[in-house]
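**Q** I have a structure here, written as structure tokens, and I will follow up with some questions on it.
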Amino acid sequence: MGALKAESALDGGWGWIIVLASFMAQLLSFGSPQSVGVLYPEWLIAFQEGKGMTAWVGSMVSGVALITSPVCSACVENFGARPVTVFSGVMVAGGLMLSAFAPNVSFLIFSYGIVVGMGCGLVYAATLTITCQYFEKRRGLALGLVTTGTSVGGFIYATVQNELIDLFGLEGCLLIIGALALNLMACAIPMRPLNLPAYYLKQKAALQRTEEPLYTKPTAIIIDLGNIKTTPGSADNTTALKVLVPMELKVLQNTEGNTRGGLLSCSIVARVVKKWMRPYGQYLCDAVELLQDRVFVSFCIAMFLFSLGAFPPVLFMEDVAQSEGLIDGIALIPLVSIVAFTTGIGKMVLGILADMRWVNSLFLYTLTLMGAGVALLLIPLSKSYLGLQVLSAMVGFFSGNWSLTSYITTTIVGIERLSQAHGILMCFAGFGIMLGPPVVGWFFDWTQSYDLAFYFSGTCVVVSSLFLFLATLPCWKKMREKENSPAEEDVNNSQQQHSSECDKVASVA
């Protein structure tokens with residue numbers, strides 16, 4: 001697994017190949033989940049379940065993809081983008097093919113919602129991480145191009161899945177889409193890392209600890225009541241002993257001969273567990289430190305409210321048109337395709353705007369939240385299919401702010417902590433996406449109308465915009481600086497007083 005030099009690879013060259021591969025990876029993995037609104041009416045007919053129960057399928061696939069972001073980010077950080085993308089191809093393809101044989105909605109929630117969702121989460125973390133590594137000055141444009149893959153995939157897959165259902169049925173459609181997802185493995189080939197991942201660095205360090213050849217004759221080790229012995233003829237093979245015996249077992253060599261084996265075993269287990277748990281403890285400490293940042297916490301809460309309100313239209317827009325009698329069946333270009341297409345345009349435009357020096361990316365994101373919330377509030381007032389098409393385009397364009405999430409997160413916490421911070425942020429978004437569609441479905445089952453549900457969704461998005469705008473005003477920073485200045489003076493005075501007292505004690509001594 002070769003690595004490129006970071007200086008020569010930034011902002012061009014092989015980086016654009018990475019953008020193309022990441023674009024195709026997101027298209028193949030998120031194409032079906034982004035156009036799940038086409039499959040939703042078919043599942044309602046096939047399984048005869050309520051809208052709230054069936055909505056869990058579409059919400060789980062996107063929610064799990066984001067909730068598992070911390071785990072996916074850790075996998076990318078330790079193993080690299082290439083192996084993670086290959087493994088995700090197996091999960092996405094397997095989940096889609098398994099969904100073709102689902103006997104009920106509960107099984108579909110597992111196969112399509114959880115398995116495909118985790119595969120999409122791995123692809124999302126891998127593609128964004130490798131893109132951010134290859135770009136610095138043009139990071140906004142690169143991320144906009146990469147994340148456009150989900151929108152293009154949703155636009156293409158909405159029409160393709162509709163045609164496949166007419167030709168081969170729901171089962172045949174899922175099998176063919178699953179077979180296409182296997183091409184994710186090919187997308188992983190160009191993803192050469194700039195730096196070796198943590199797992200390979202550990203392996204390399206372990207091999208460099210010895211100067212002997214990589215292969216030596218193994219030494220048989222016998223542990224008998226705390227004493228380590230080697231078999232005859234292998235006492236000189238110290239190199240193999242260093243390789244085969246973990247550091248925890250070497251402690252046994254320094255113990256007294258009368259130490260009992262049970263106590264030694266407990267000590268070894270405690271040391272091993274402590275060593276294994278140390279990275280997780282450090283991860284939790286870093287997460288707590290990130291959650292103490294006011295701007296980052298506000299961003300996480302706004303992301304949760306936005307995901308809670310803005311995702312249901314992707315799933316329910318076709319059913320809204322059919323329930324209101326605005327159209328029979330599904331149009332040649334479904335509303336889901338319009339949302340996906342305009343989302344791609346929004347990602348491109350917003351990504352370009354984010355790279356401009358005079359544009360505040362955080363306030364730009366706040367503006368997109370307000371626009372999406374107003375469009376959602378207008379959906380119940382629309383009584384024509386053309387009106388739904390226009391509002392779908394508005395919601396899609398402003399939902400293109402997903403291309404800004406990595407950019408804003410990098411601005412808040414820095415590129416060094418991007419992977420962990422982005423995982424936490426996507427976890428908040430995942431909970432919102434997972435809860436949104438079932439809540440909207442339950443509103444319909446309760447009132448037999450989508451009006452109250454979309455008023456609820458629009459209100460959540462508008463509140464998220466106002467909350468983020470108020471929480472990131474510059475006045476908070478000035479107030480914090482004023483509060484910190486007296487405290488710093490008190491600390492300096494106490495330090496001076498403490499030093500004078502120390503001098504007095506020293507003179508007396």
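We name chains A, B, ... following the order of the structure tokens; residues begin at 1 in each chain, and ligands are numbered from 1 as shown.
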Got a sec: who's within 12 Å of segment 465-468 of chain A, counting only C-alpha atoms, leaving out chain neighbours fewer than 3 positions off, as number ranges by chain?
**A** A: 294-306, 309, 362-374, 458-462, 471-473
**Q** Tell me which protein, DNA and RNA residues are within 7 Å of segment 77-84 of chain A, counting only C-alpha atoms, leaving out same-chain ones fewer than 2 positions away, and put them as a tab-separated table (two decimals) with N, CA and C atoms, in the first residue's frame.
**A**
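The new file around_34.tsv reads:
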chain	number	residue	atom	x	y	z
A	73	SER	N	-15.50	6.49	10.89
A	73	SER	CA	-14.34	7.36	10.86
A	73	SER	C	-13.14	6.70	11.52
A	74	ALA	N	-13.39	5.97	12.62
A	74	ALA	CA	-12.31	5.25	13.28
A	74	ALA	C	-11.74	4.16	12.37
A	75	CYS	N	-12.62	3.48	11.62
A	75	CYS	CA	-12.14	2.45	10.68
A	75	CYS	C	-11.28	3.06	9.60
A	86	VAL	N	-13.68	-1.08	-0.08
A	86	VAL	CA	-13.89	-2.44	-0.58
A	86	VAL	C	-14.89	-3.19	0.29
A	87	PHE	N	-14.71	-3.11	1.59
A	87	PHE	CA	-15.62	-3.80	2.51
A	87	PHE	C	-17.03	-3.23	2.41
A	88	SER	N	-17.13	-1.91	2.22
A	88	SER	CA	-18.46	-1.30	2.11
A	88	SER	C	-19.18	-1.78	0.86
A	122	LEU	N	-19.75	3.75	5.77
A	122	LEU	CA	-18.32	3.52	5.52
A	122	LEU	C	-17.86	4.24	4.26
A	126	ALA	N	-15.10	7.32	4.22
A	126	ALA	CA	-13.87	7.10	3.45
A	126	ALA	C	-13.68	8.16	2.37
A	130	ILE	N	-10.57	11.00	2.50
A	130	ILE	CA	-9.51	10.97	1.51
A	130	ILE	C	-9.53	12.24	0.65
A	188	ALA	N	-12.46	1.81	-5.19
A	188	ALA	CA	-11.47	1.87	-4.12
A	188	ALA	C	-10.04	1.83	-4.64
A	189	ILE	N	-9.84	1.39	-5.87
A	189	ILE	CA	-8.47	1.18	-6.38
A	189	ILE	C	-7.65	2.47	-6.41
A	191	MET	N	-7.67	5.06	-4.53
A	191	MET	CA	-7.60	5.77	-3.25
A	191	MET	C	-6.28	5.48	-2.54
A	197	PRO	N	-2.05	4.58	7.17
A	197	PRO	CA	-2.99	4.55	8.29
A	197	PRO	C	-2.34	4.01	9.57
A	198	ALA	N	-3.05	4.21	10.68
A	198	ALA	CA	-2.49	3.87	11.99
A	198	ALA	C	-2.17	2.38	12.11
A	199	TYR	N	-3.02	1.53	11.53
A	199	TYR	CA	-2.80	0.08	11.66
A	199	TYR	C	-1.49	-0.33	11.00
**Q** Between A:Ala181, A:Val288, A:Val336, A:Met60, which has the minimum distance to Leu39 of chain A (counting only C-alpha atoms)?
**A**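 Once distances to Leu39 of chain A are computed over only C-alpha atoms, the minimum belongs to A:Val336.
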**Q** Excluding Leu353 of chain A and residues on its chain fewer than 5 positions from it, collect all residues at most 9 Å away from it, counting only C-alpha atoms, and give them as a PDB file with N, CA and C atoms, in the first residue's frame.
**A**
ATOM      1  N   GLY A 140     -13.402  23.157  -0.685  1.00  0.00           N
ATOM      2  CA  GLY A 140     -14.848  23.345  -0.836  1.00  0.00           C
ATOM      3  C   GLY A 140     -15.356  22.844  -2.175  1.00  0.00           C
ATOM      4  N   LEU A 141     -14.626  23.162  -3.253  1.00  0.00           N
ATOM      5  CA  LEU A 141     -15.024  22.691  -4.584  1.00  0.00           C
ATOM      6  C   LEU A 141     -14.930  21.171  -4.673  1.00  0.00           C
ATOM      7  N   MET A 348     -22.898  22.027  -5.626  1.00  0.00           N
ATOM      8  CA  MET A 348     -21.869  22.654  -6.449  1.00  0.00           C
ATOM      9  C   MET A 348     -21.798  24.153  -6.176  1.00  0.00           C
ATOM     10  N   VAL A 359     -17.155  35.271   1.880  1.00  0.00           N
ATOM     11  CA  VAL A 359     -18.344  34.513   2.290  1.00  0.00           C
ATOM     12  C   VAL A 359     -18.060  33.798   3.603  1.00  0.00           C
ATOM     13  N   SER A 361     -18.934  30.888   5.682  1.00  0.00           N
ATOM     14  CA  SER A 361     -19.578  29.599   5.405  1.00  0.00           C
ATOM     15  C   SER A 361     -20.631  29.247   6.451  1.00  0.00           C
ATOM     16  N   LEU A 364     -23.680  31.290   5.676  1.00  0.00           N
ATOM     17  CA  LEU A 364     -24.252  30.746   4.438  1.00  0.00           C
ATOM     18  C   LEU A 364     -25.067  29.491   4.730  1.00  0.00           C
TER      19      LEU A 364
END
**Q** As an MDAnalysis selection string, which residues of segment 88-149 of chain A does DSSP assign to alpha helix (DSSP H)?
**A** chainID A and resid 88:99 105:108 116:134 139:149
**Q** Fewer than 2 positions away in the same chain doesn't count, so skip those; otherwise give me all residues within 6 Å of segment 23-38 of chain A, counting only C-alpha atoms, as a list in words.
**A**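 My list of contacting residues is Val19, Leu20, Ala21, Tyr40, Cys120, Val146, Gly149, Thr150, Gly153, Gly154, Tyr157, Ala158, Ala181, Leu184, Cys187 and Leu315 of chain A.
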**Q** Need to verify the contact set: Leu66 of chain A, 7 Å, only C-alpha atoms, exclusion of same-chain residues closer than 4 positions in sequence. Can you return it as an MDAnalysis selection string?
**A** chainID A and resid 62 121 426:427 429:430
**Q** With N, CA and C atoms retained, write the just-selected residues as a tab-separated table (two decimals), in the first residue's frame.
**A**
chain	number	residue	atom	x	y	z
A	62	SER	N	-30.57	5.80	5.93
A	62	SER	CA	-29.80	7.04	6.01
A	62	SER	C	-29.38	7.36	7.43
A	121	GLY	N	-22.45	4.34	5.28
A	121	GLY	CA	-21.68	5.12	6.25
A	121	GLY	C	-20.18	4.96	6.06
A	426	MET	N	-22.19	13.84	12.30
A	426	MET	CA	-23.05	12.95	11.52
A	426	MET	C	-23.89	12.04	12.42
A	427	CYS	N	-23.41	11.79	13.63
A	427	CYS	CA	-24.21	11.02	14.58
A	427	CYS	C	-25.47	11.78	14.96
A	429	ALA	N	-26.89	14.09	13.09
A	429	ALA	CA	-27.72	14.09	11.88
A	429	ALA	C	-28.42	12.76	11.69
A	430	GLY	N	-27.74	11.67	12.01
A	430	GLY	CA	-28.35	10.35	11.84
A	430	GLY	C	-29.56	10.14	12.71
**Q** If we count only C-alpha atoms and set the cut-off at 9 Å, which residues sit around Met91 of chain A, ignoring sequence neighbours fewer than 3 positions away in its own chain? Please answer as a count of residues only.
**A** 11
